[in-house]
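Novice: Hey, dropping run_6.csv in here, CSV, C-alpha atoms:
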chain,number,residue,atom,x,y,z
S,821,MET,CA,160.8,134.2,91.8
S,822,LYS,CA,157.2,135.2,92.7
S,823,LYS,CA,156.4,131.5,93.5
S,824,TYR,CA,159.5,131.4,95.8
S,825,LEU,CA,158.4,134.5,97.8
S,826,ILE,CA,154.9,133.1,98.2
S,827,ASN,CA,156.2,129.8,99.5
S,828,LYS,CA,158.6,131.6,101.9
S,829,PHE,CA,155.8,133.8,103.2
S,830,ASN,CA,153.5,130.7,103.8
S,831,GLY,CA,156.4,128.9,105.5
S,832,ASN,CA,157.0,131.8,107.9
S,833,ASN,CA,153.3,131.9,108.7
S,834,MET,CA,153.3,128.2,109.4
S,835,ASN,CA,156.3,128.5,111.7
S,836,LYS,CA,154.6,131.3,113.7
S,837,LYS,CA,151.4,129.2,114.0
S,838,ILE,CA,153.5,126.2,115.2
S,839,SER,CA,155.3,128.4,117.8
S,840,LYS,CA,152.0,129.7,119.1
S,841,ILE,CA,150.6,126.1,119.4
S,842,ILE,CA,153.7,124.9,121.2
S,843,PHE,CA,153.5,127.9,123.6
S,844,ALA,CA,149.9,127.2,124.3
S,845,ILE,CA,150.6,123.5,125.0
S,846,VAL,CA,153.4,124.4,127.4
S,847,LEU,CA,151.3,127.0,129.2
S,848,PHE,CA,148.2,124.9,129.7
S,849,SER,CA,150.1,121.6,130.4
S,850,SER,CA,151.9,123.3,133.4
S,851,PRO,CA,150.5,122.0,136.7
S,852,PHE,CA,150.6,125.5,138.2
S,853,THR,CA,148.5,128.6,137.3
S,854,TYR,CA,149.6,131.9,138.7
S,855,SER,CA,147.5,134.9,139.7
S,856,GLU,CA,148.2,138.0,141.7
S,857,PRO,CA,150.2,137.4,144.9
S,858,LEU,CA,148.2,137.0,148.1
S,859,TRP,CA,151.1,138.6,150.0
S,860,ASP,CA,154.6,139.7,149.4
S,861,VAL,CA,157.8,138.1,150.7
S,862,PRO,CA,160.9,139.9,151.9
S,863,PRO,CA,162.9,141.8,149.2
S,864,ILE,CA,166.2,140.2,148.3
S,865,ASP,CA,168.2,143.1,149.8
S,866,HIS,CA,166.7,142.4,153.2
S,867,LEU,CA,168.1,138.8,153.3
S,868,ARG,CA,171.3,137.9,154.9
S,869,PHE,CA,173.5,136.5,152.1
S,870,SER,CA,175.3,134.4,154.7
S,871,ASN,CA,172.1,132.4,154.7
S,872,VAL,CA,173.0,131.1,151.2
S,873,ASP,CA,176.8,131.0,151.7
S,874,ARG,CA,177.1,134.4,149.9
S,875,ASP,CA,176.6,132.5,146.6
S,876,THR,CA,173.5,133.6,144.7
S,877,SER,CA,174.3,131.8,141.5
S,878,LEU,CA,171.3,129.9,140.0
S,879,GLN,CA,173.0,126.5,140.3
S,880,HIS,CA,173.9,127.0,144.0
S,881,LEU,CA,170.4,128.2,144.9
S,882,LYS,CA,168.8,125.2,143.3
S,883,GLU,CA,171.2,122.9,145.1
S,884,ILE,CA,170.1,124.4,148.4
S,885,VAL,CA,166.4,123.9,147.6
S,886,LEU,CA,167.0,120.3,146.6
S,887,ASP,CA,169.1,119.5,149.7
S,888,LYS,CA,166.7,117.9,152.2
S,889,ASN,CA,169.1,118.7,155.0
S,890,SER,CA,169.4,122.4,154.3
S,891,SER,CA,168.3,124.6,157.2
S,892,PRO,CA,164.8,126.2,156.9
S,893,ILE,CA,166.1,129.8,156.7
S,894,THR,CA,168.7,128.9,154.1
S,895,TYR,CA,166.0,127.0,152.1
S,896,TRP,CA,163.6,130.0,152.2
S,897,SER,CA,166.2,132.5,151.4
S,898,ALA,CA,167.1,130.5,148.3
S,899,GLN,CA,163.5,130.2,147.3
S,900,ILE,CA,163.0,134.0,147.5
S,901,ILE,CA,166.1,134.8,145.4
S,902,LEU,CA,165.1,132.1,142.9
S,903,ALA,CA,161.6,133.7,142.6
S,904,LYS,CA,162.6,137.4,142.6
S,905,LYS,CA,165.9,137.3,140.7
S,906,TYR,CA,165.5,134.3,138.4
S,907,ASN,CA,161.7,133.9,138.1
S,908,GLU,CA,162.1,130.2,138.8
S,909,ASN,CA,158.6,129.9,140.1
S,910,GLU,CA,157.9,126.5,138.5
S,911,PHE,CA,161.2,125.0,139.8
S,912,ILE,CA,160.3,126.1,143.3
S,913,LEU,CA,156.8,124.6,143.1
S,914,ASN,CA,158.1,121.4,141.6
S,915,ASN,CA,160.6,121.0,144.4
S,916,LEU,CA,158.8,121.9,147.6
S,917,ALA,CA,160.4,120.1,150.6
S,918,SER,CA,157.0,119.6,152.2
S,919,ASP,CA,155.6,117.6,149.2
S,920,THR,CA,157.4,114.5,150.4
S,921,MET,CA,157.5,113.1,153.9
S,922,PRO,CA,161.0,113.4,155.5
S,923,ASP,CA,163.4,110.5,156.0
S,924,THR,CA,163.3,109.7,159.7
S,925,SER,CA,166.6,107.8,159.8
S,926,TRP,CA,169.3,108.9,162.1
S,927,GLU,CA,171.6,109.9,159.2
S,928,ASN,CA,168.9,112.3,157.9
S,929,ARG,CA,167.4,113.3,161.2
S,930,PHE,CA,167.4,117.0,160.2
S,931,GLN,CA,164.9,116.4,157.5
S,932,ALA,CA,162.2,115.5,160.1
S,933,LYS,CA,163.3,118.4,162.4
S,934,TYR,CA,163.0,120.9,159.6
S,935,PHE,CA,159.9,119.6,157.9
S,936,LYS,CA,157.3,121.7,159.8
S,937,GLU,CA,159.2,124.9,159.3
S,938,LYS,CA,159.8,124.2,155.6
S,939,TYR,CA,156.1,123.5,155.3
S,940,LEU,CA,155.5,127.0,156.6
S,941,TYR,CA,157.9,128.6,154.0
S,942,ASP,CA,156.5,126.5,151.2
S,943,ASN,CA,153.0,127.8,151.8
S,944,ILE,CA,154.2,131.4,152.2
S,945,MET,CA,155.8,131.0,148.7
S,946,LYS,CA,152.6,129.4,147.4
S,947,GLY,CA,150.7,132.5,148.6
S,948,TYR,CA,153.3,134.7,146.9
S,949,PHE,CA,152.6,132.9,143.7
S,950,GLY,CA,148.8,133.5,144.2
S,951,ILE,CA,147.9,129.9,145.0
S,952,GLN,CA,144.7,130.0,147.2
S,953,GLU,CA,145.3,126.8,149.0
S,954,ALA,CA,148.1,128.5,150.9
S,955,VAL,CA,145.5,130.4,153.0
S,956,ASP,CA,143.8,127.4,154.5
S,957,ASN,CA,147.1,125.6,154.9
S,958,LEU,CA,148.6,128.4,156.9
S,959,ALA,CA,145.5,129.0,158.9
S,960,ALA,CA,145.4,125.3,159.9
S,961,TYR,CA,149.2,125.3,160.6
S,962,ALA,CA,148.8,128.2,163.0
S,963,ASP,CA,145.9,126.6,164.9
S,964,ASP,CA,147.6,123.1,165.1
S,965,GLU,CA,147.7,122.5,168.9
S,966,SER,CA,149.7,119.3,168.4
S,967,TYR,CA,152.6,121.4,167.1
S,968,ASP,CA,154.1,122.6,170.3
S,969,VAL,CA,157.8,122.0,170.1
S,970,TYR,CA,160.4,124.8,170.8
S,971,GLY,CA,160.0,127.5,168.1
S,972,ALA,CA,156.4,126.5,167.2
S,973,ASP,CA,154.9,129.7,168.4
S,974,MET,CA,157.4,131.7,166.4
S,975,ASN,CA,156.5,129.8,163.2
S,976,LYS,CA,152.8,130.1,164.0
S,977,THR,CA,153.0,133.9,164.4
S,978,ALA,CA,154.9,134.1,161.1
S,979,ALA,CA,152.0,132.2,159.4
S,980,ILE,CA,149.4,134.5,161.0
S,981,LEU,CA,151.5,137.6,160.0
S,982,PHE,CA,151.6,136.7,156.3
S,983,LEU,CA,147.8,135.8,156.3
S,984,ALA,CA,147.1,139.2,157.9
S,985,ARG,CA,149.2,141.0,155.3
S,986,GLY,CA,147.1,139.3,152.7
S,987,GLY,CA,143.9,140.4,154.4
S,988,PHE,CA,143.0,137.0,155.9
S,989,TYR,CA,142.0,137.0,159.6
S,990,LYS,CA,141.5,133.4,160.6
S,991,ASN,CA,143.5,132.9,163.8
S,992,TYR,CA,142.4,135.4,166.4
S,993,GLU,CA,142.2,133.0,169.4
S,994,THR,CA,145.7,131.5,168.6
S,995,LEU,CA,147.2,134.9,168.2
S,996,VAL,CA,145.8,136.2,171.6
S,997,LYS,CA,147.0,133.0,173.3
S,998,ILE,CA,150.6,133.5,172.0
S,999,TYR,CA,150.4,137.2,172.8
S,1000,ARG,CA,149.3,136.6,176.4
S,1001,LYS,CA,151.9,133.8,176.9
S,1002,ASN,CA,154.7,136.3,176.0
S,1003,SER,CA,153.2,139.5,177.4
S,1004,ASP,CA,155.6,139.6,180.4
S,1005,SER,CA,158.8,139.1,178.6
S,1006,ILE,CA,160.6,140.2,175.4
S,1007,THR,CA,160.5,137.4,172.8
S,1008,GLN,CA,160.3,137.4,169.0
S,1009,GLU,CA,156.9,135.7,169.0
S,1010,GLY,CA,155.7,138.2,171.6
S,1011,LEU,CA,156.8,141.2,169.6
S,1012,ILE,CA,155.4,139.8,166.4
S,1013,SER,CA,152.0,138.8,167.9
S,1014,SER,CA,151.8,142.3,169.4
S,1015,ASP,CA,152.5,143.8,166.0
S,1016,ILE,CA,149.8,141.7,164.3
S,1017,LEU,CA,147.2,142.5,167.0
S,1018,THR,CA,147.8,146.3,166.9
S,1019,ASN,CA,148.6,146.9,163.3
S,1020,PHE,CA,146.2,144.4,161.7
S,1021,TYR,CA,143.5,142.8,163.8
S,1022,ALA,CA,142.7,145.9,165.9
S,1023,LYS,CA,142.0,147.9,162.7
S,1024,ARG,CA,139.0,145.6,162.0
S,1025,THR,CA,135.8,146.4,163.8
S,1026,GLU,CA,135.0,142.8,164.7
S,1027,TYR,CA,138.2,142.4,166.7
S,1028,ARG,CA,138.8,145.9,168.1
S,1029,THR,CA,136.7,145.7,171.2
S,1030,LYS,CA,138.0,142.3,172.2
S,1031,ILE,CA,141.6,143.4,171.7
S,1032,LEU,CA,141.1,146.5,173.8
S,1033,GLU,CA,139.7,144.3,176.6
S,1034,VAL,CA,142.8,142.1,176.4
S,1035,ILE,CA,145.2,145.1,176.6
S,1036,SER,CA,143.1,146.8,179.3
S,1037,GLY,CA,143.3,143.7,181.4
S,1038,LEU,CA,147.1,143.7,181.0
S,1039,VAL,CA,147.3,147.4,181.8
S,1040,GLU,CA,145.4,146.8,185.0
S,1041,GLU,CA,147.6,143.8,186.0
S,1042,ASN,CA,150.8,145.9,185.4
S,1043,LEU,CA,149.5,149.3,186.5
S,1044,ASN,CA,152.5,150.0,188.7
S,1045,ASN,CA,155.1,148.1,186.6
S,1046,TRP,CA,156.7,150.8,184.5
S,1047,PHE,CA,158.4,148.5,182.0
S,1048,GLN,CA,155.3,146.4,181.2
S,1049,LEU,CA,152.9,149.4,181.3
S,1050,THR,CA,154.9,151.5,178.8
S,1051,GLY,CA,154.8,148.6,176.4
S,1052,HIS,CA,151.0,148.3,176.6
S,1053,ILE,CA,150.7,152.1,176.2
S,1054,ALA,CA,152.8,151.9,173.1
S,1055,GLU,CA,150.4,149.2,171.7
S,1056,LEU,CA,147.4,151.4,172.4
S,1057,SER,CA,149.1,154.3,170.6
S,1058,ILE,CA,149.6,152.1,167.5
S,1059,ILE,CA,145.9,151.3,167.5
S,1060,GLY,CA,145.0,155.0,167.8
S,1061,CYS,CA,144.3,157.8,170.2
S,1062,ASP,CA,140.7,156.8,170.6
S,1063,ALA,CA,141.9,153.4,171.9
S,1064,SER,CA,144.4,155.1,174.3
S,1065,VAL,CA,141.8,157.4,175.8
S,1066,GLU,CA,139.2,154.6,176.0
S,1067,VAL,CA,141.5,152.3,178.0
S,1068,LEU,CA,143.8,154.7,180.0
S,1069,ASP,CA,141.0,157.0,181.1
S,1070,LYS,CA,140.0,154.3,183.6
S,1071,PHE,CA,143.4,154.0,185.2
S,1072,TYR,CA,145.1,157.4,185.6
S,1073,ILE,CA,143.4,157.8,189.0
S,1074,LYS,CA,144.0,154.2,190.2
S,1075,VAL,CA,147.7,154.0,189.6
S,1076,ASN,CA,150.0,154.4,192.6
S,1077,ASP,CA,153.4,154.7,191.1
S,1078,SER,CA,154.3,158.3,190.1
S,1079,GLU,CA,156.3,157.4,187.1
S,1080,CYS,CA,153.6,155.0,185.8
S,1081,ARG,CA,151.0,157.7,186.3
S,1082,GLN,CA,153.1,160.2,184.4
S,1083,GLN,CA,153.3,157.7,181.4
S,1084,ILE,CA,149.6,157.4,181.3
S,1085,MET,CA,149.0,161.1,181.6
S,1086,MET,CA,151.6,161.8,178.9
S,1087,GLU,CA,149.6,159.6,176.5
S,1088,LEU,CA,146.3,161.1,177.5
S,1089,LYS,CA,147.8,164.6,177.0
S,1090,GLU,CA,149.0,163.6,173.5
S,1091,CYS,CA,145.6,162.1,172.6
S,1092,ASP,CA,143.1,164.3,174.3
S,1093,LEU,CA,144.6,167.7,175.2
S,1094,LEU,CA,141.3,169.4,175.4
S,1095,ASN,CA,140.2,167.4,178.5
S,1096,TYR,CA,143.7,167.2,180.0
S,1097,PRO,CA,143.3,170.1,182.5
S,1098,ASP,CA,140.3,168.3,183.9
S,1099,ARG,CA,142.4,165.2,184.6
S,1100,VAL,CA,145.2,167.3,186.0
S,1101,MET,CA,142.8,168.7,188.6
S,1102,LYS,CA,142.1,165.1,189.8
S,1103,VAL,CA,145.8,164.0,189.7
S,1104,ILE,CA,147.4,166.9,191.6
S,1105,PRO,CA,145.7,166.1,194.9
S,1106,LEU,CA,146.6,162.4,194.5
S,1107,GLU,CA,150.3,162.8,193.6
S,1108,ASN,CA,152.4,162.5,196.7
S,1109,ASP,CA,155.8,163.1,195.1
S,1110,PRO,CA,156.3,166.9,194.8
S,1111,VAL,CA,158.7,166.5,191.8
S,1112,TYR,CA,156.1,164.7,189.8
S,1113,ARG,CA,153.3,166.8,191.1
S,1114,ASN,CA,155.0,170.0,189.9
S,1115,ARG,CA,155.0,168.6,186.3
S,1116,TYR,CA,151.2,168.8,186.3
S,1117,TYR,CA,151.0,172.5,187.2
S,1118,PRO,CA,150.7,174.8,184.2
S,1119,TYR,CA,153.6,177.1,183.1
S,1120,PHE,CA,153.8,179.8,180.5
S,1121,LEU,CA,156.2,178.0,178.2
S,1122,MET,CA,153.3,175.9,177.1
S,1123,PHE,CA,151.8,179.2,175.7
S,1124,TYR,CA,155.1,180.4,174.3
S,1125,MET,CA,155.3,183.0,177.2
S,1126,ASN,CA,151.9,184.4,176.3
S,1127,PRO,CA,149.4,184.9,179.1
S,1128,THR,CA,146.8,182.9,177.1
S,1129,PRO,CA,147.0,180.1,174.5
S,1130,PRO,CA,147.5,181.4,170.9
S,1131,ASP,CA,144.4,181.1,168.7
S,1132,ASN,CA,145.7,178.4,166.4
S,1133,ASP,CA,145.0,174.7,165.9
S,1134,ARG,CA,148.0,173.5,167.9
S,1135,TYR,CA,147.3,175.5,171.1
S,1136,ARG,CA,143.5,176.1,171.0
S,1137,ASP,CA,143.0,172.9,173.0
S,1138,LEU,CA,145.1,174.3,175.9
S,1139,LYS,CA,142.3,176.8,176.6
S,1140,GLY,CA,141.2,174.6,179.5
S,1141,TYR,CA,144.1,176.0,181.6
S,1142,VAL,CA,142.7,179.5,181.5
S,1143,MET,CA,139.1,178.7,182.0
S,1144,PRO,CA,137.4,179.7,185.4
S,1145,LYS,CA,137.2,176.1,186.6
S,1146,PHE,CA,140.9,175.5,186.4
S,1147,ILE,CA,141.9,178.9,187.8
S,1148,ASN,CA,139.6,178.4,190.7
S,1149,PHE,CA,141.2,175.0,191.3
S,1150,LEU,CA,144.6,176.6,191.5
S,1151,LYS,CA,143.3,179.3,193.9
S,1152,GLU,CA,141.9,176.6,196.2
S,1153,ARG,CA,145.0,174.5,195.8
S,1154,ILE,CA,147.6,177.1,196.9
S,1155,PRO,CA,146.7,177.1,200.6
S,1156,VAL,CA,147.1,173.3,200.9
S,1157,GLU,CA,150.0,172.8,198.6
S,1158,GLU,CA,153.1,171.8,200.6
S,1159,SER,CA,155.6,172.2,197.8
S,1160,GLN,CA,157.0,175.7,197.5
S,1161,SER,CA,157.8,175.2,193.9
S,1162,CYS,CA,154.3,174.1,193.1
S,1163,ARG,CA,152.8,177.0,195.0
S,1164,GLU,CA,155.0,179.5,193.2
S,1165,ASP,CA,154.1,178.1,189.8
S,1166,ALA,CA,150.4,178.3,190.6
S,1167,GLU,CA,150.6,181.8,192.0
S,1168,TYR,CA,152.6,183.1,189.0
S,1169,PHE,CA,150.1,181.5,186.6
S,1170,ILE,CA,147.1,183.1,188.3
S,1171,LYS,CA,148.9,186.4,188.3
S,1172,LYS,CA,149.8,186.4,184.6
S,1173,PHE,CA,147.0,184.5,182.9
S,1174,LYS,CA,144.3,186.1,180.7
S,1175,PRO,CA,140.9,184.6,179.8
S,1176,TYR,CA,140.8,182.8,176.5
S,1177,LYS,CA,139.2,184.9,173.8
S,1178,PRO,CA,136.1,183.2,172.4
S,1179,ASP,CA,136.2,182.0,168.8
S,1180,SER,CA,134.6,184.7,166.8
S,1181,THR,CA,133.6,182.3,164.0
S,1182,HIS,CA,130.8,181.0,166.2
S,1183,SER,CA,127.3,182.4,165.8
S,1184,LEU,CA,126.2,185.5,167.8
S,1185,GLN,CA,123.7,183.4,169.8
S,1186,TYR,CA,126.4,180.9,170.7
S,1187,LEU,CA,128.8,183.7,171.9
S,1188,MET,CA,126.0,185.3,173.9
S,1189,ASP,CA,125.1,181.9,175.6
S,1190,ASP,CA,128.8,181.3,176.3
S,1191,LEU,CA,129.3,184.7,177.9
S,1192,GLN,CA,126.2,184.1,180.0
S,1193,ASN,CA,127.6,180.8,181.3
S,1194,TYR,CA,130.9,182.4,181.9
S,1195,LEU,CA,129.3,185.1,184.0
S,1196,GLU,CA,127.3,182.6,186.1
S,1197,GLU,CA,130.5,180.5,186.7
S,1198,VAL,CA,132.7,183.4,187.9
S,1199,ASN,CA,129.8,184.6,190.1
S,1200,ASN,CA,129.5,181.2,191.7
S,1201,TYR,CA,133.3,181.3,192.5
S,1202,ARG,CA,132.6,184.7,194.2
S,1203,TRP,CA,135.0,186.5,191.9
S,1204,ILE,CA,132.5,189.5,191.5
S,1205,ASN,CA,132.9,191.4,194.7
S,1206,GLU,CA,129.6,193.3,194.5
S,1207,SER,CA,126.2,191.7,193.9
S,1208,SER,CA,125.1,194.8,192.2
S,1209,LYS,CA,127.9,194.4,189.6
S,1210,TYR,CA,126.7,190.9,188.8
S,1211,ALA,CA,123.1,192.1,188.4
S,1212,GLU,CA,124.4,194.9,186.1
S,1213,TYR,CA,126.3,192.5,183.9
S,1214,LYS,CA,123.4,190.2,183.7
S,1215,THR,CA,121.0,192.9,182.7
S,1216,GLN,CA,123.3,194.2,180.0
S,1217,LEU,CA,123.6,190.7,178.6
S,1218,GLU,CA,119.8,190.2,178.6
S,1219,TYR,CA,119.3,193.6,177.0
S,1220,ALA,CA,122.0,192.8,174.3
S,1221,GLU,CA,120.3,189.5,173.6
Take the structure in this file and express it as structure tokens.
Specialist:
Amino acid sequence: MKKYLINKFNGNNMNKKISKIIFAIVLFSSPFTYSEPLWDVPPIDHLRFSNVDRDTSLQHLKEIVLDKNSSPITYWSAQIILAKKYNENEFILNNLASDTMPDTSWENRFQAKYFKEKYLYDNIMKGYFGIQEAVDNLAAYADDESYDVYGADMNKTAAILFLARGGFYKNYETLVKIYRKNSDSITQEGLISSDILTNFYAKRTEYRTKILEVISGLVEENLNNWFQLTGHIAELSIIGCDASVEVLDKFYIKVNDSECRQQIMMELKECDLLNYPDRVMKVIPLENDPVYRNRYYPYFLMFYMNPTPPDNDRYRDLKGYVMPKFINFLKERIPVEESQSCREDAEYFIKKFKPYKPDSTHSLQYLMDDLQNYLEEVNNYRWINESSKYAEYKTQLEYAE
């Protein structure tokens, strides 16, 4: 009995060793090695199941992949489901449509037509499986100038998009070329190229300045075209407020169309509220339409009916409206303002406003200097009726200091 148990134990150990050897042979004899994905592919629930005839069975999906005449989107949808649902990575890589040249006969004419697009999807899948050659393949695919048939730009932007998602930035010139070509119309390749530029390339220091120059040029070309201009303002806002201010600060004075100017000013207000009153002082005299001009005059709702901005992070940047420079601008504007509504708003604001209370967290020296500057400014505007009063205030400040 003891001998039988020993033999059985040795037999089990031998079986385990054989299993491990077989597993190792299978693993290392596979032509493919997998690492972390270079990028992701769309989740299954984002696919249209009509792409695969609403049949996601393993057999049907494999039939689609093996069918040389299946459409590219059907082919890619089947690849994604096979990879994500069935883990059929090796089957996919063993049956890439682009591994064999297409049959160019009339009967199989779709093979040649679909080949370039399936090559795109094959390399997207390779990148998903962590195969590095996909990076150079897609970069070359995107820059291939000989590939210029209908739909080529759409496929090229798809290649650049997946590369960017993986952190690979190799196709800037091609991307900008496609973006410019589609900048005056709504196309899929135009929308995708814009998305790649603003969400990926513009976030990198080496491309940011060049991209802002491109968008700035398009803003200038379309300065009085509301539809085009709003699209480019949206692109700048995606890149960031610093980009919006850098580009749009050059144009809010140059624009002639009232609605276009308002779009620019709204973005500048959103991104740089602290300096917005200074821009308003330049815009009001230029705006010929009283309806639009009235929108730049201050009103108390912006302070929640208070005569001065509340001292909190949200409203502190509105303090420019109650500083001497802006109040003096309103006083000088009232006599020349032709719109009664604008005049009344300005007069009411001057009547009700109160100076902004300095931030007490500053040092005493800072507050003293700030008050001294304030005194000089209001005196220059001749708001102090008696020169003796100005001298008295100045002496008191000097004594306090």
Novice: Neighbours of range 866-883 of chain S within 10 Å (all atoms listed in the file; same-chain residues fewer than 3 positions away dropped), as a list in words?
Specialist: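 Neighbouring residues, sequence-local ones excluded: Pro862, Pro863, Leu886, Asp887, Lys888, Ser890, Ser891, Pro892, Ile893, Thr894, Tyr895, Trp896, Ser897, Ala898, Gln899, Ile900, Ile901, Leu902, Lys905, Tyr906, Glu908, Phe911, Ile912 and Asn915 of chain S.
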Novice: Would you compute the distance between CA of Ala978 in chain S and CA of Phe935 in chain S? Give it in Å to one decimal.
Specialist: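 Between these atoms lies a distance of 15.7 Å.
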Novice: Provide the CA of Cys1091 in chain S to CA of Gly1060 in chain S distance in Å, to one decimal place.
Specialist: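 Spanning CA of Cys1091 in chain S to CA of Gly1060 in chain S is a straight-line distance of 8.6 Å.
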Novice: Excluding same-chain residues fewer than 6 positions from Ser1036 in chain S, what lies within 12 Å of it counting only C-alpha atoms, as number ranges by chain?
Specialist: S: 1029-1030, 1042-1043, 1049, 1052-1053, 1055-1056, 1063-1071
Novice: At a cut-off of 12 Å from (155.0, 158.8, 181.9) in the coordinates of the file, what residues are picked up using all atoms listed in the file, written as a ChimeraX atom specification?
Specialist: /S:1043-1047,1049-1051,1053-1054,1072,1075,1077-1090,1112,1115-1116
Novice: Please indicate the distance in Å from CA of Glu1107 in chain S to CA of Ser1159 in chain S, rounded to one decimal place.
Specialist: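 So the answer is 11.6 Å.
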Novice: With distances taken over only C-alpha atoms, which of S:Met1143, S:Leu1195, S:Cys1162, S:Leu983 is nearest to Pro1175 in chain S?
Specialist: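 Of S:Met1143, S:Leu1195, S:Cys1162, S:Leu983, the one nearest Pro1175 in chain S, counting only C-alpha atoms, is S:Met1143.
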Novice: Hey, what's within 8 Å of range 952-956 of chain S if we count only C-alpha atoms and toss same-chain stuff fewer than 3 positions away? As a PyMOL selection string, please?
Specialist: chain S and resi 858+943-944+946-947+959-960+983+988
Novice: Determine the nearest neighbour of Lys1023 in chain S from the options S:Phe949, S:Gln1008, S:Ile1058, S:Pro1178, counting only C-alpha atoms.
Specialist: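 Smallest separation from Lys1023 in chain S among the options: S:Ile1058.
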Novice: What's around Tyr1194 in chain S at 10 Å? Count all atoms listed in the file, leave out sequence neighbours fewer than 6 positions away in its own chain, and write the answer as a PDB file with C-alpha atoms, keeping the file's coordinate frame.
Specialist:
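Result written to selection.pdb:
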ATOM      1  CA  MET S1143     139.100 178.700 182.000  1.00  0.00           C
ATOM      2  CA  PRO S1144     137.400 179.700 185.400  1.00  0.00           C
ATOM      3  CA  MET S1188     126.000 185.300 173.900  1.00  0.00           C
ATOM      4  CA  ASN S1200     129.500 181.200 191.700  1.00  0.00           C
TER       5      ASN S1200
END
Novice: Which residue gives the smallest distance to Tyr939 in chain S among S:Lys1174, S:Arg1153, S:Arg1163, S:Lys976, with all atoms listed in the file counted?
Specialist: S:Lys976
Novice: So, counting all atoms listed in the file, which residue among S:Phe1169, S:Ala932, S:Val885, S:Glu1041 is closest to Phe1149 in chain S?
Specialist: S:Phe1169
Novice: Return the single residue from S:Lys1209, S:Lys1172, S:Arg1028, S:Lys1214 that is closest to Asp1189 in chain S, with distances computed using only C-alpha atoms.
Specialist: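 Of all the options, S:Lys1214 lies closest to Asp1189 in chain S.
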Novice: I'd like the contact shell of Thr994 in chain S - 9 Å cut-off, all atoms listed in the file, skipping same-chain residues fewer than 5 positions apart - returned as a list in words.
Specialist: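 The neighbour list is Ala962, Asp963, Lys976, Thr977, Ile980 and Tyr999 of chain S.
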